>>> print(open('upload-v8.cif').read())   # mmCIF, C-alpha atoms
data_upload
loop_
_atom_site.label_atom_id
_atom_site.label_comp_id
_atom_site.auth_asym_id
_atom_site.auth_seq_id
_atom_site.Cartn_x
_atom_site.Cartn_y
_atom_site.Cartn_z
CA MET A 1 -30.18 -177.73 -35.12
CA ASN A 2 -27.13 -175.65 -36.03
CA VAL A 3 -25.94 -172.45 -34.39
CA ASP A 4 -27.60 -170.31 -37.06
CA GLU A 5 -31.01 -171.82 -36.47
CA LEU A 6 -30.60 -171.55 -32.71
CA GLY A 7 -29.54 -167.90 -33.10
CA ARG A 8 -32.56 -167.04 -35.22
CA ALA A 9 -34.96 -168.77 -32.81
CA ALA A 10 -33.32 -167.08 -29.81
CA ALA A 11 -33.52 -163.69 -31.53
CA ALA A 12 -37.18 -164.16 -32.42
CA GLU A 13 -37.98 -164.93 -28.81
CA ALA A 14 -35.91 -161.97 -27.55
CA ARG A 15 -37.78 -159.64 -29.92
CA ARG A 16 -41.14 -161.06 -28.84
CA ALA A 17 -40.24 -160.74 -25.16
CA ALA A 18 -39.13 -157.12 -25.61
CA ALA A 19 -42.22 -156.22 -27.62
CA ASP A 20 -44.43 -157.68 -24.86
CA ALA A 21 -42.54 -156.04 -22.01
CA VAL A 22 -41.76 -152.58 -23.35
CA ASP A 23 -44.19 -149.80 -22.51
CA SER A 24 -43.06 -147.17 -25.01
CA VAL A 25 -45.49 -144.51 -23.77
CA ARG A 26 -44.20 -144.74 -20.18
CA MET A 27 -40.57 -144.86 -21.31
CA LEU A 28 -40.94 -141.94 -23.72
CA ASP A 29 -42.46 -139.90 -20.92
CA GLN A 30 -39.53 -140.87 -18.66
CA LEU A 31 -37.05 -139.89 -21.37
CA HIS A 32 -38.56 -136.44 -21.75
CA ARG A 33 -38.53 -135.98 -17.97
CA ARG A 34 -34.89 -137.10 -17.74
CA SER A 35 -33.96 -134.74 -20.50
CA ARG A 36 -35.66 -131.82 -18.74
CA ASN A 37 -33.97 -132.74 -15.45
CA ARG A 38 -30.57 -132.89 -17.13
CA THR A 39 -31.08 -129.48 -18.67
CA ALA A 40 -32.16 -128.03 -15.32
CA GLY A 41 -29.19 -129.75 -13.63
CA ALA A 42 -26.76 -128.40 -16.20
CA ILE A 43 -28.07 -124.87 -15.74
CA ALA A 44 -27.78 -125.21 -11.94
CA ALA A 45 -24.24 -126.62 -12.24
CA ALA A 46 -23.20 -123.82 -14.59
CA ALA A 47 -24.62 -121.25 -12.18
CA ALA A 48 -22.77 -122.89 -9.25
CA ILE A 49 -19.49 -122.90 -11.19
CA LEU A 50 -19.97 -119.25 -12.11
CA VAL A 51 -20.59 -118.36 -8.45
CA ALA A 52 -17.51 -120.36 -7.40
CA ILE A 53 -15.35 -118.60 -10.00
CA VAL A 54 -16.54 -115.18 -8.88
CA VAL A 55 -15.97 -116.03 -5.19
CA SER A 56 -12.50 -117.46 -5.95
CA ALA A 57 -11.58 -114.40 -7.95
CA VAL A 58 -12.62 -112.12 -5.10
CA VAL A 59 -10.70 -114.20 -2.52
CA LEU A 60 -7.55 -114.45 -4.67
CA HIS A 61 -7.71 -110.73 -5.35
CA ASP A 62 -7.62 -110.07 -1.60
CA LYS A 63 -4.80 -112.58 -0.77
CA PRO A 64 -1.19 -112.95 -1.97
CA SER A 65 -0.61 -116.05 -4.11
CA THR A 66 0.40 -119.17 -2.18
CA ARG A 67 1.21 -121.35 -5.20
CA VAL A 68 4.56 -123.15 -5.02
CA ALA A 69 6.83 -121.92 -7.78
CA GLY A 70 7.58 -124.48 -10.47
CA ARG A 71 4.79 -126.88 -9.47
CA PRO A 72 2.01 -127.49 -11.97
CA PRO A 73 -1.41 -126.42 -10.68
CA LEU A 74 -3.91 -129.18 -10.06
CA VAL A 75 -7.15 -128.83 -11.96
CA THR A 76 -10.19 -129.84 -9.95
CA SER A 77 -12.27 -132.02 -12.20
CA PRO A 78 -15.99 -131.77 -12.81
CA PRO A 79 -17.91 -134.80 -11.54
CA ALA A 80 -17.44 -136.53 -14.87
CA GLN A 81 -16.32 -140.03 -15.74
CA GLY A 82 -12.82 -138.89 -16.70
CA CYS A 83 -11.82 -137.29 -13.44
CA GLY A 84 -14.35 -139.09 -11.27
CA GLY A 85 -15.61 -136.32 -8.99
CA PRO A 86 -14.41 -133.74 -6.52
CA LEU A 87 -11.94 -136.18 -4.87
CA VAL A 88 -10.05 -136.69 -8.10
CA HIS A 89 -7.79 -134.18 -9.84
CA CYS A 90 -6.32 -134.56 -13.31
CA PRO A 91 -2.94 -132.84 -13.62
CA ASN A 92 -2.24 -134.50 -17.00
CA PRO A 93 -4.20 -136.65 -19.44
CA GLY A 94 -4.16 -140.22 -18.11
CA THR A 95 -2.95 -139.18 -14.65
CA PHE A 96 -5.33 -138.97 -11.72
CA VAL A 97 -4.49 -137.73 -8.25
CA VAL A 98 -6.99 -139.12 -5.76
CA SER A 99 -7.48 -137.44 -2.38
CA LEU A 100 -7.23 -140.51 -0.16
CA PRO A 101 -5.70 -140.37 3.36
CA ALA A 102 -2.34 -140.78 1.58
CA ALA A 103 -2.83 -139.04 -1.79
CA LEU A 104 -2.67 -141.63 -4.55
CA THR A 105 -1.45 -140.95 -8.08
CA VAL A 106 -2.85 -143.29 -10.71
CA THR A 107 -1.46 -143.40 -14.24
CA THR A 108 -3.73 -145.46 -16.46
CA PRO A 109 -2.04 -147.69 -19.03
CA ALA A 110 -3.52 -148.22 -22.50
CA ASN A 111 -5.55 -151.28 -21.46
CA PHE A 112 -7.51 -149.31 -18.82
CA GLU A 113 -10.45 -146.91 -19.08
CA GLN A 114 -9.20 -143.32 -18.90
CA GLY A 115 -10.86 -142.56 -15.60
CA VAL A 116 -11.16 -143.70 -12.01
CA LYS A 117 -14.12 -144.12 -9.71
CA PRO A 118 -14.04 -143.41 -5.98
CA CYS A 119 -14.84 -146.47 -3.87
CA GLY A 120 -16.20 -145.66 -0.41
CA THR A 121 -14.49 -143.31 1.96
CA ALA A 122 -10.85 -144.18 1.22
CA GLY A 123 -10.73 -146.19 -1.97
CA VAL A 124 -10.67 -145.92 -5.74
CA GLU A 125 -11.42 -148.29 -8.60
CA ALA A 126 -10.25 -148.48 -12.21
CA PHE A 127 -11.54 -150.73 -14.95
CA ARG A 128 -9.98 -152.42 -17.96
CA ASN A 129 -11.11 -151.41 -21.45
CA ASP A 130 -10.21 -154.75 -23.03
CA SER A 131 -12.38 -156.86 -20.71
CA ASP A 132 -15.96 -156.48 -19.56
CA GLY A 133 -15.21 -157.23 -15.92
CA THR A 134 -11.62 -156.77 -14.81
CA GLY A 135 -10.04 -154.03 -12.76
CA VAL A 136 -8.14 -152.86 -9.72
CA THR A 137 -9.46 -151.46 -6.46
CA VAL A 138 -7.16 -149.63 -4.06
CA ILE A 139 -8.38 -149.41 -0.45
CA GLU A 140 -6.47 -147.37 2.13
CA ARG A 141 -6.90 -147.98 5.86
CA ALA A 142 -8.39 -151.33 4.88
CA VAL A 143 -10.20 -153.29 7.57
CA PRO A 144 -9.78 -157.09 7.54
CA VAL A 145 -13.21 -158.57 8.17
CA ARG A 146 -14.70 -161.66 9.77
CA TYR A 147 -15.91 -164.64 7.74
CA ASP A 148 -19.60 -163.86 8.25
CA ARG A 149 -22.13 -161.36 6.95
CA SER A 150 -21.22 -158.52 9.34
CA TRP A 151 -18.37 -156.80 7.46
CA SER A 152 -16.88 -156.13 10.92
CA ARG A 153 -13.18 -156.16 11.87
CA ASP A 154 -11.51 -159.49 12.54
CA PRO A 155 -9.02 -158.75 15.33
CA ALA A 156 -7.14 -161.96 14.53
CA ALA A 157 -5.70 -160.28 11.42
CA GLY A 158 -3.49 -157.87 13.37
CA THR A 159 -2.72 -154.35 12.25
CA THR A 160 0.18 -154.58 9.80
CA ALA A 161 0.43 -155.53 6.15
CA ALA A 162 2.55 -158.56 7.07
CA SER A 163 0.11 -159.89 9.65
CA MET A 164 -2.87 -159.29 7.37
CA ALA A 165 -1.14 -161.08 4.48
CA GLN A 166 -0.60 -164.15 6.65
CA TRP A 167 -4.17 -163.91 7.94
CA LEU A 168 -5.56 -163.66 4.40
CA ALA A 169 -3.53 -166.62 3.17
CA ALA A 170 -4.94 -168.71 6.02
CA ARG A 171 -8.62 -167.87 5.42
CA PRO A 172 -10.60 -171.13 5.60
CA PHE A 173 -12.41 -170.42 2.32
CA LEU A 174 -9.24 -170.24 0.25
CA ILE A 175 -7.05 -172.87 -1.41
CA ARG A 176 -3.81 -172.78 -3.37
CA THR A 177 -2.66 -169.72 -1.43
CA SER A 178 0.73 -168.14 -1.91
CA VAL A 179 2.38 -165.17 -0.23
CA LYS A 180 5.32 -163.43 -1.83
CA PRO A 181 7.22 -160.26 -0.98
CA VAL A 182 6.80 -157.29 -3.36
CA THR A 183 7.96 -153.68 -3.54
CA LEU A 184 5.73 -150.92 -4.87
CA ASP A 185 6.68 -147.26 -5.02
CA GLY A 186 9.64 -148.11 -2.79
CA ILE A 187 7.39 -149.65 -0.13
CA SER A 188 7.89 -153.30 0.82
CA GLY A 189 4.76 -155.37 1.04
CA TRP A 190 3.14 -158.74 0.34
CA GLN A 191 1.12 -160.18 -2.48
CA VAL A 192 -1.39 -162.90 -1.66
CA SER A 193 -2.80 -165.11 -4.42
CA ALA A 194 -5.42 -167.79 -3.86
CA ASP A 195 -8.52 -169.47 -5.25
CA LEU A 196 -11.90 -169.88 -3.62
CA LYS A 197 -12.40 -173.34 -2.17
CA PRO A 198 -15.12 -175.16 -4.15
CA GLY A 199 -18.35 -175.14 -2.16
CA ALA A 200 -17.14 -172.49 0.30
CA ARG A 201 -19.85 -170.40 1.98
CA VAL A 202 -20.25 -166.84 0.67
CA PRO A 203 -22.09 -165.18 3.58
CA ALA A 204 -21.44 -161.45 3.08
CA PRO A 205 -23.78 -159.34 0.93
CA LYS A 206 -22.11 -157.35 -1.85
CA GLY A 207 -23.42 -155.38 -4.84
CA PHE A 208 -23.75 -158.08 -7.49
CA GLY A 209 -23.97 -161.12 -5.21
CA PRO A 210 -22.65 -162.37 -1.86
CA VAL A 211 -18.96 -163.06 -1.25
CA ALA A 212 -16.56 -164.68 1.15
CA PRO A 213 -15.39 -161.34 2.58
CA THR A 214 -11.79 -160.16 2.94
CA PHE A 215 -11.45 -156.39 3.41
CA ALA A 216 -13.78 -153.43 3.74
CA ILE A 217 -14.09 -149.76 4.45
CA GLU A 218 -17.34 -147.82 4.55
CA GLY A 219 -18.85 -148.07 1.07
CA CYS A 220 -16.20 -150.33 -0.46
CA THR A 221 -15.83 -154.07 0.02
CA ALA A 222 -13.73 -156.93 -1.31
CA GLY A 223 -14.09 -160.69 -1.32
CA TYR A 224 -14.29 -163.88 -3.31
CA ARG A 225 -17.11 -165.69 -5.00
CA SER A 226 -17.08 -168.32 -7.71
CA ASN A 227 -17.09 -165.72 -10.49
CA LEU A 228 -15.00 -163.11 -8.69
CA SER A 229 -11.34 -163.95 -8.36
CA GLY A 230 -8.30 -161.85 -7.62
CA ASN A 231 -5.10 -161.24 -5.77
CA TYR A 232 -4.22 -158.78 -3.05
CA THR A 233 -1.14 -156.63 -2.54
CA LEU A 234 -0.79 -155.30 1.02
CA LEU A 235 1.43 -152.37 1.96
CA ASP A 236 1.99 -150.25 5.07
CA VAL A 237 1.63 -146.85 3.41
CA PRO A 238 2.68 -143.86 5.54
CA GLY A 239 -0.52 -141.88 6.18
CA GLY A 240 -2.63 -144.47 4.39
CA GLY A 241 -2.47 -147.27 6.93
CA VAL A 242 -2.57 -150.81 5.63
CA THR A 243 -3.39 -150.35 1.96
CA VAL A 244 -4.90 -153.16 -0.08
CA ILE A 245 -4.52 -153.24 -3.85
CA TRP A 246 -7.10 -155.71 -5.03
CA SER A 247 -6.60 -156.94 -8.59
CA TRP A 248 -9.77 -158.71 -9.69
CA THR A 249 -11.83 -160.16 -12.51
CA ILE A 250 -15.36 -161.48 -12.91
CA GLU A 251 -14.42 -163.10 -16.23
CA PRO A 252 -14.00 -166.89 -16.44
CA ASN A 253 -10.47 -166.32 -17.75
CA HIS A 254 -8.53 -165.63 -14.54
CA SER A 255 -5.31 -164.96 -16.44
CA LEU A 256 -6.77 -161.55 -17.39
CA ILE A 257 -5.60 -160.37 -13.97
CA ALA A 258 -2.00 -160.42 -15.19
CA GLY A 259 -2.92 -157.48 -17.45
CA ASN A 260 -3.52 -155.34 -14.35
CA GLN A 261 0.15 -155.39 -13.39
CA ALA A 262 1.22 -152.30 -15.37
CA PHE A 263 -1.52 -150.28 -13.64
CA ILE A 264 -0.44 -151.49 -10.19
CA ALA A 265 3.25 -150.88 -10.87
CA ALA A 266 2.49 -147.26 -11.77
CA LEU A 267 0.67 -146.45 -8.50
CA ARG A 268 2.37 -143.76 -6.41
CA PHE A 269 1.56 -142.75 -2.84
CA ALA A 270 2.19 -139.29 -1.43
CA MET B 1 -16.53 -140.18 -32.05
CA PRO B 2 -16.23 -142.99 -34.64
CA SER B 3 -14.89 -141.76 -37.95
CA ASP B 4 -17.98 -142.96 -39.81
CA GLU B 5 -20.18 -140.75 -37.66
CA ARG B 6 -18.33 -137.70 -38.86
CA LYS B 7 -18.36 -139.02 -42.41
CA GLY B 8 -22.08 -139.69 -42.23
CA SER B 9 -22.88 -136.23 -40.91
CA ALA B 10 -20.83 -134.52 -43.59
CA SER B 11 -21.95 -136.55 -46.56
CA THR B 12 -25.66 -136.80 -45.83
CA VAL B 13 -27.96 -134.66 -47.91
CA PHE B 14 -30.30 -132.72 -45.65
CA ASP B 15 -33.82 -133.38 -46.85
CA LEU B 16 -36.20 -131.85 -44.34
CA SER B 17 -39.23 -133.46 -45.96
CA ARG B 18 -38.14 -136.93 -44.85
CA VAL B 19 -37.10 -136.03 -41.29
CA GLU B 20 -39.40 -137.81 -38.85
CA THR B 21 -40.16 -136.64 -35.34
CA PHE B 22 -38.15 -138.08 -32.50
CA ASP B 23 -41.26 -139.47 -30.83
CA ALA B 24 -42.21 -141.43 -33.94
CA PHE B 25 -38.67 -142.73 -34.29
CA TYR B 26 -38.66 -143.70 -30.61
CA ARG B 27 -41.90 -145.65 -30.80
CA ARG B 28 -40.76 -147.46 -33.93
CA GLU B 29 -37.28 -148.40 -32.69
CA LEU B 30 -37.66 -148.90 -28.96
CA ALA B 31 -38.76 -152.54 -28.73
CA GLY B 32 -36.03 -153.71 -31.11
CA LEU B 33 -33.44 -151.67 -29.26
CA VAL B 34 -34.48 -153.17 -25.91
CA ALA B 35 -34.22 -156.67 -27.42
CA PHE B 36 -30.77 -155.80 -28.78
CA ALA B 37 -29.62 -154.38 -25.43
CA SER B 38 -31.08 -157.38 -23.63
CA VAL B 39 -29.02 -159.92 -25.56
CA LEU B 40 -25.81 -157.89 -25.23
CA ALA B 41 -26.06 -156.58 -21.67
CA GLY B 42 -28.56 -158.95 -20.03
CA PRO B 43 -32.26 -158.45 -19.38
CA ALA B 44 -31.85 -156.72 -15.99
CA CYS B 45 -30.46 -153.55 -17.51
CA ALA B 46 -31.75 -153.74 -21.10
CA GLU B 47 -34.32 -150.97 -20.77
CA ASP B 48 -31.77 -148.65 -19.14
CA VAL B 49 -29.14 -149.24 -21.80
CA ALA B 50 -31.68 -148.73 -24.61
CA GLN B 51 -33.06 -145.64 -22.90
CA ASP B 52 -29.56 -144.17 -22.49
CA ALA B 53 -28.93 -144.67 -26.21
CA MET B 54 -32.28 -143.08 -27.06
CA LEU B 55 -31.55 -140.14 -24.77
CA SER B 56 -28.32 -139.60 -26.71
CA ALA B 57 -30.26 -139.69 -29.98
CA TYR B 58 -32.76 -137.20 -28.55
CA ARG B 59 -30.04 -134.79 -27.52
CA HIS B 60 -28.44 -134.97 -30.98
CA TRP B 61 -31.70 -135.34 -32.89
CA GLN B 62 -31.08 -132.37 -35.17
CA THR B 63 -28.06 -134.21 -36.57
CA VAL B 64 -29.20 -137.81 -36.12
CA SER B 65 -32.56 -137.29 -37.80
CA ARG B 66 -30.83 -136.13 -40.96
CA LEU B 67 -28.56 -139.16 -41.27
CA GLN B 68 -29.43 -141.62 -43.98
CA VAL B 69 -30.07 -144.34 -41.39
CA PRO B 70 -30.80 -142.81 -37.96
CA SER B 71 -31.55 -146.27 -36.57
CA ALA B 72 -27.96 -147.38 -37.37
CA TRP B 73 -26.66 -144.51 -35.26
CA VAL B 74 -28.74 -145.37 -32.21
CA ARG B 75 -27.96 -149.11 -32.59
CA ARG B 76 -24.24 -148.34 -32.64
CA VAL B 77 -24.54 -146.17 -29.52
CA CYS B 78 -26.55 -148.93 -27.85
CA ALA B 79 -24.03 -151.61 -28.89
CA ASN B 80 -21.16 -149.62 -27.43
CA ARG B 81 -22.98 -148.80 -24.22
CA ALA B 82 -24.13 -152.36 -23.73
CA VAL B 83 -20.60 -153.72 -23.74
CA SER B 84 -18.90 -150.83 -21.97
CA THR B 85 -17.85 -152.01 -18.53
CA LEU B 86 -18.11 -148.70 -16.69
CA ARG B 87 -21.50 -147.83 -18.10
CA ARG B 88 -22.82 -151.34 -17.69
CA ARG B 89 -21.86 -151.43 -14.03
CA GLY B 90 -23.55 -148.07 -13.43
CA VAL B 91 -26.68 -149.02 -15.32
CA GLU B 92 -26.83 -152.41 -13.60
CA ALA B 93 -26.57 -150.74 -10.21
CA ARG B 94 -29.40 -148.33 -11.06
CA ALA B 95 -31.47 -151.20 -12.41
CA LEU B 96 -30.93 -153.27 -9.26
CA VAL B 97 -31.97 -150.38 -7.04
CA ARG B 98 -35.18 -149.94 -8.99
CA LEU B 99 -36.07 -153.60 -9.30
CA GLY B 100 -38.20 -153.59 -6.17
CA SER B 101 -40.40 -150.76 -7.39
CA ARG B 102 -40.86 -151.98 -10.93
CA ARG B 103 -43.59 -154.07 -12.43
CA PRO B 104 -42.69 -157.75 -12.73
CA ASP B 105 -40.17 -158.61 -15.47
CA ALA B 106 -41.35 -160.21 -18.67
CA GLU B 107 -41.35 -163.97 -18.95
CA PRO B 108 -37.75 -165.20 -19.13
CA LEU B 109 -36.54 -166.78 -22.35
CA VAL B 110 -36.48 -170.55 -22.67
CA PRO B 111 -33.28 -172.02 -21.15
CA GLU B 112 -31.55 -172.89 -24.42
CA HIS B 113 -32.10 -169.35 -25.73
CA GLN B 114 -30.84 -167.88 -22.45
CA ALA B 115 -27.77 -170.11 -22.80
CA PHE B 116 -27.24 -168.90 -26.38
CA TRP B 117 -27.22 -165.22 -25.38
CA ALA B 118 -25.11 -165.91 -22.31
CA GLU B 119 -22.48 -167.41 -24.62
CA VAL B 120 -22.80 -164.45 -27.00
CA ARG B 121 -22.04 -162.14 -24.06
CA ARG B 122 -18.89 -164.14 -23.32
CA LEU B 123 -17.54 -163.48 -26.83
CA PRO B 124 -15.07 -160.64 -27.44
CA ARG B 125 -17.07 -157.41 -27.59
CA ARG B 126 -16.92 -156.83 -31.35
CA GLN B 127 -17.91 -160.44 -32.12
CA ALA B 128 -20.81 -160.18 -29.69
CA GLN B 129 -22.02 -156.95 -31.31
CA VAL B 130 -21.82 -158.43 -34.81
CA ILE B 131 -23.64 -161.62 -33.82
CA ALA B 132 -26.36 -159.67 -31.99
CA LEU B 133 -26.94 -157.29 -34.91
CA HIS B 134 -27.03 -160.23 -37.33
CA TYR B 135 -29.64 -162.20 -35.45
CA VAL B 136 -31.73 -159.60 -33.61
CA TYR B 137 -32.07 -157.22 -36.57
CA ASP B 138 -31.53 -159.82 -39.27
CA LEU B 139 -28.84 -157.58 -40.82
CA GLY B 140 -26.43 -158.63 -43.54
CA VAL B 141 -22.70 -158.04 -43.60
CA ALA B 142 -22.91 -154.67 -45.41
CA GLU B 143 -25.56 -153.31 -43.04
CA ILE B 144 -23.62 -154.43 -39.97
CA ALA B 145 -20.47 -152.80 -41.36
CA THR B 146 -22.39 -149.54 -41.82
CA THR B 147 -23.86 -149.76 -38.33
CA LEU B 148 -20.56 -150.45 -36.58
CA ALA B 149 -18.48 -148.24 -38.89
CA CYS B 150 -16.05 -150.95 -39.91
CA ALA B 151 -15.04 -152.87 -43.04
CA GLU B 152 -17.20 -155.66 -44.43
CA GLY B 153 -14.22 -158.03 -44.23
CA THR B 154 -13.96 -157.31 -40.53
CA VAL B 155 -17.65 -158.12 -40.05
CA LYS B 156 -17.28 -161.38 -41.99
CA ALA B 157 -14.32 -162.39 -39.83
CA HIS B 158 -16.14 -161.57 -36.58
CA LEU B 159 -19.28 -163.36 -37.73
CA SER B 160 -17.36 -166.45 -38.72
CA ARG B 161 -15.24 -166.59 -35.53
CA GLY B 162 -18.24 -165.85 -33.34
CA ARG B 163 -20.33 -168.61 -34.88
CA ALA B 164 -17.44 -171.07 -34.64
CA THR B 165 -16.94 -170.31 -30.95
CA LEU B 166 -20.67 -170.57 -30.26
CA SER B 167 -20.85 -173.93 -32.06
CA VAL B 168 -18.13 -175.33 -29.83
CA ARG B 169 -19.46 -173.88 -26.58
CA LEU B 170 -23.07 -174.76 -27.32
CA GLY B 171 -22.32 -178.20 -28.68
CA GLU B 172 -24.42 -180.03 -26.11
CA THR B 173 -27.41 -177.68 -26.46
CA LEU B 174 -27.30 -177.98 -30.24
CA ALA B 175 -27.14 -181.76 -30.06
CA GLU B 176 -30.17 -181.85 -27.74
CA GLN B 177 -32.13 -179.62 -30.15
CA ALA B 178 -31.29 -181.78 -33.17
#
>>> encode(input="upload-v8.cif", output="structure tokens")
Amino acid sequence: MNVDELGRAAAAEARRAAADAVDSVRMLDQLHRRSRNRTAGAIAAAAAILVAIVVSAVVLHDKPSTRVAGRPPLVTSPPAQGCGGPLVHCPNPGTFVVSLPAALTVTTPANFEQGVKPCGTAGVEAFRNDSDGTGVTVIERAVPVRYDRSWSRDPAAGTTAASMAQWLAARPFLIRTSVKPVTLDGISGWQVSADLKPGARVPAPKGFGPVAPTFAIEGCTAGYRSNLSGNYTLLDVPGGGVTVIWSWTIEPNHSLIAGNQAFIAALRFA
Amino acid sequence: MPSDERKGSASTVFDLSRVETFDAFYRRELAGLVAFASVLAGPACAEDVAQDAMLSAYRHWQTVSRLQVPSAWVRRVCANRAVSTLRRRGVEARALVRLGSRRPDAEPLVPEHQAFWAEVRRLPRRQAQVIALHYVYDLGVAEIATTLACAEGTVKAHLSRGRATLSVRLGETLAEQA
């Protein structure tokens, strides 16, 4: 059998499976309901924006302006993909200011999606546009976690970027670890690279499958599994605590991670 | 918006007598679109990806219904959504949340067919889209070029490279099937 024959047979089965599984009446009904909900939501959002504009206008009319001369105003984004929600402002195209404990400015290079996504209470994620599963997650006030399923703090890691880098490099589930000094936005820190040890336990639950856990905050977690590799840059950011910049990929080609470097180099902390 | 979309809208003759209702279009296209989404994005989120593409068609139906090939439009939207990382992650997350409350999934494909589509998904995105359109919809080079708004030469190159890569990666499976 050649690839063409296999492709045709696989397609025939995929079509048959879809035809058997799809309930077009139920799905059409869902689509009409979703459409109605979106319309109602859009009307509600427009009304809320109108109310906010009116209230702002009244408040500004009553108060003297407090804007700093010469500083461009920040535009609060709608909760859209581009600006990512109320925590993200877009002062310029391709630039995103994220309201983390230490405000983070992200400038997306050409190989990244033009948008960022909040990750938990003090993190943000950005995704590559030239790969289906590669990106960078920045986590401020990152908590180093135990090697179990609890996602709870491991006190052995200490409380500084340097101690956490050494702790990470010594995790029992990692091999080929390296720790090297780096500087980002004028802040000295450490970059830890490693691979998951073959056969290592992955005890901690995470969105698309369990991992050997590394860092967490509420709503945002990091770790290793066989198809999730990455490296970590750790910095002591004033106001942001120990900040972890996790450069990751779920693609088999781990060298894709190198393409994240321009994004990381452009990060700026307030 | 892809340039061909604009071109298509501008150059299409509006013939109201041949405009079908959205519901009829939906019922005719849905199963194929779910199969297409399934091979490109995986079965867990196929219905969501197809439904998102159909919702887009519904919202733009006044324009889409007057295109010469409305199905090409919705297939292109579906192809792009299926391989878009941000959307796929969101759709996958929604699909995972709902899995518990949904009726059981359809019978999985036989292992060698699953392996074939898994390898298709590992291809560069444009190659994967071309291969999926070619096999799932049995489209020729010209039709794929129209669907994806690109040159026929580009489609030929993607088809050829995609098949070559699949032959190498699926060598063992193909030998077993021989």
>>> residues_around(input="upload-v8.cif", residues="region 254-261 of chain A", least_positions_apart="6", cutoff="8 Å", atoms="all atoms listed in the file", output="PyMOL selection string")
chain A and resi 111+128+134-136+229-230+247-248
>>> residues_around(input="upload-v8.cif", residues="Ala19 (chain A)", least_positions_apart="2", cutoff="10 Å", atoms="all atoms listed in the file", output="ChimeraX atom specification")
/A:13-17,21-24 /B:30-32,34-35,106
>>> atom_distance(input="upload-v8.cif", atom1="CA of Ser167 (chain B)", atom2="CA of Val120 (chain B)")
10.9 Å
>>> resolve_selection(input="upload-v8.cif", expression="the PyMOL selection byres ((chain A) within 9 of (chain B))", output="number ranges by chain")
A: 1-4, 6-25, 27-28, 31-32, 34-35, 81, 113, 127-134, 207-208, 251-252
>>> write_last_selection(input="upload-v8.cif", atoms="C-alpha atoms", output="tab-separated table (two decimals), in the frame of the given file")
chain	number	residue	atom	x	y	z
A	1	MET	CA	-30.18	-177.73	-35.12
A	2	ASN	CA	-27.13	-175.65	-36.03
A	3	VAL	CA	-25.94	-172.45	-34.39
A	4	ASP	CA	-27.60	-170.31	-37.06
A	6	LEU	CA	-30.60	-171.55	-32.71
A	7	GLY	CA	-29.54	-167.90	-33.10
A	8	ARG	CA	-32.56	-167.04	-35.22
A	9	ALA	CA	-34.96	-168.77	-32.81
A	10	ALA	CA	-33.32	-167.08	-29.81
A	11	ALA	CA	-33.52	-163.69	-31.53
A	12	ALA	CA	-37.18	-164.16	-32.42
A	13	GLU	CA	-37.98	-164.93	-28.81
A	14	ALA	CA	-35.91	-161.97	-27.55
A	15	ARG	CA	-37.78	-159.64	-29.92
A	16	ARG	CA	-41.14	-161.06	-28.84
A	17	ALA	CA	-40.24	-160.74	-25.16
A	18	ALA	CA	-39.13	-157.12	-25.61
A	19	ALA	CA	-42.22	-156.22	-27.62
A	20	ASP	CA	-44.43	-157.68	-24.86
A	21	ALA	CA	-42.54	-156.04	-22.01
A	22	VAL	CA	-41.76	-152.58	-23.35
A	23	ASP	CA	-44.19	-149.80	-22.51
A	24	SER	CA	-43.06	-147.17	-25.01
A	25	VAL	CA	-45.49	-144.51	-23.77
A	27	MET	CA	-40.57	-144.86	-21.31
A	28	LEU	CA	-40.94	-141.94	-23.72
A	31	LEU	CA	-37.05	-139.89	-21.37
A	32	HIS	CA	-38.56	-136.44	-21.75
A	34	ARG	CA	-34.89	-137.10	-17.74
A	35	SER	CA	-33.96	-134.74	-20.50
A	81	GLN	CA	-16.32	-140.03	-15.74
A	113	GLU	CA	-10.45	-146.91	-19.08
A	127	PHE	CA	-11.54	-150.73	-14.95
A	128	ARG	CA	-9.98	-152.42	-17.96
A	129	ASN	CA	-11.11	-151.41	-21.45
A	130	ASP	CA	-10.21	-154.75	-23.03
A	131	SER	CA	-12.38	-156.86	-20.71
A	132	ASP	CA	-15.96	-156.48	-19.56
A	133	GLY	CA	-15.21	-157.23	-15.92
A	134	THR	CA	-11.62	-156.77	-14.81
A	207	GLY	CA	-23.42	-155.38	-4.84
A	208	PHE	CA	-23.75	-158.08	-7.49
A	251	GLU	CA	-14.42	-163.10	-16.23
A	252	PRO	CA	-14.00	-166.89	-16.44
>>> resolve_selection(input="upload-v8.cif", expression="the PyMOL selection byres ((chain A and resi 173) around 7)", output="PDB file with C-alpha atoms, keeping the file's coordinate frame")
ATOM      1  CA  ARG A 171      -8.620-167.870   5.420  1.00  0.00           C
ATOM      2  CA  PRO A 172     -10.600-171.130   5.600  1.00  0.00           C
ATOM      3  CA  LEU A 174      -9.240-170.240   0.250  1.00  0.00           C
ATOM      4  CA  ILE A 175      -7.050-172.870  -1.410  1.00  0.00           C
ATOM      5  CA  LEU A 196     -11.900-169.880  -3.620  1.00  0.00           C
ATOM      6  CA  LYS A 197     -12.400-173.340  -2.170  1.00  0.00           C
ATOM      7  CA  ALA A 200     -17.140-172.490   0.300  1.00  0.00           C
TER       8      ALA A 200
END
>>> atom_distance(input="upload-v8.cif", atom1="CA of Pro238 (chain A)", atom2="CA of Trp190 (chain A)")
15.8 Å
>>> resolve_selection(input="upload-v8.cif", expression="the PyMOL selection byres ((chain B and resi 80) around 10)", output="list in words")
Ala37, Leu40, Val49, Ala53, Val74, Arg75, Arg76, Val77, Cys78, Ala79, Arg81, Ala82, Val83, Ser84, Thr85, Arg87, Arg125, Arg126, Gln129 and Leu148 of chain B
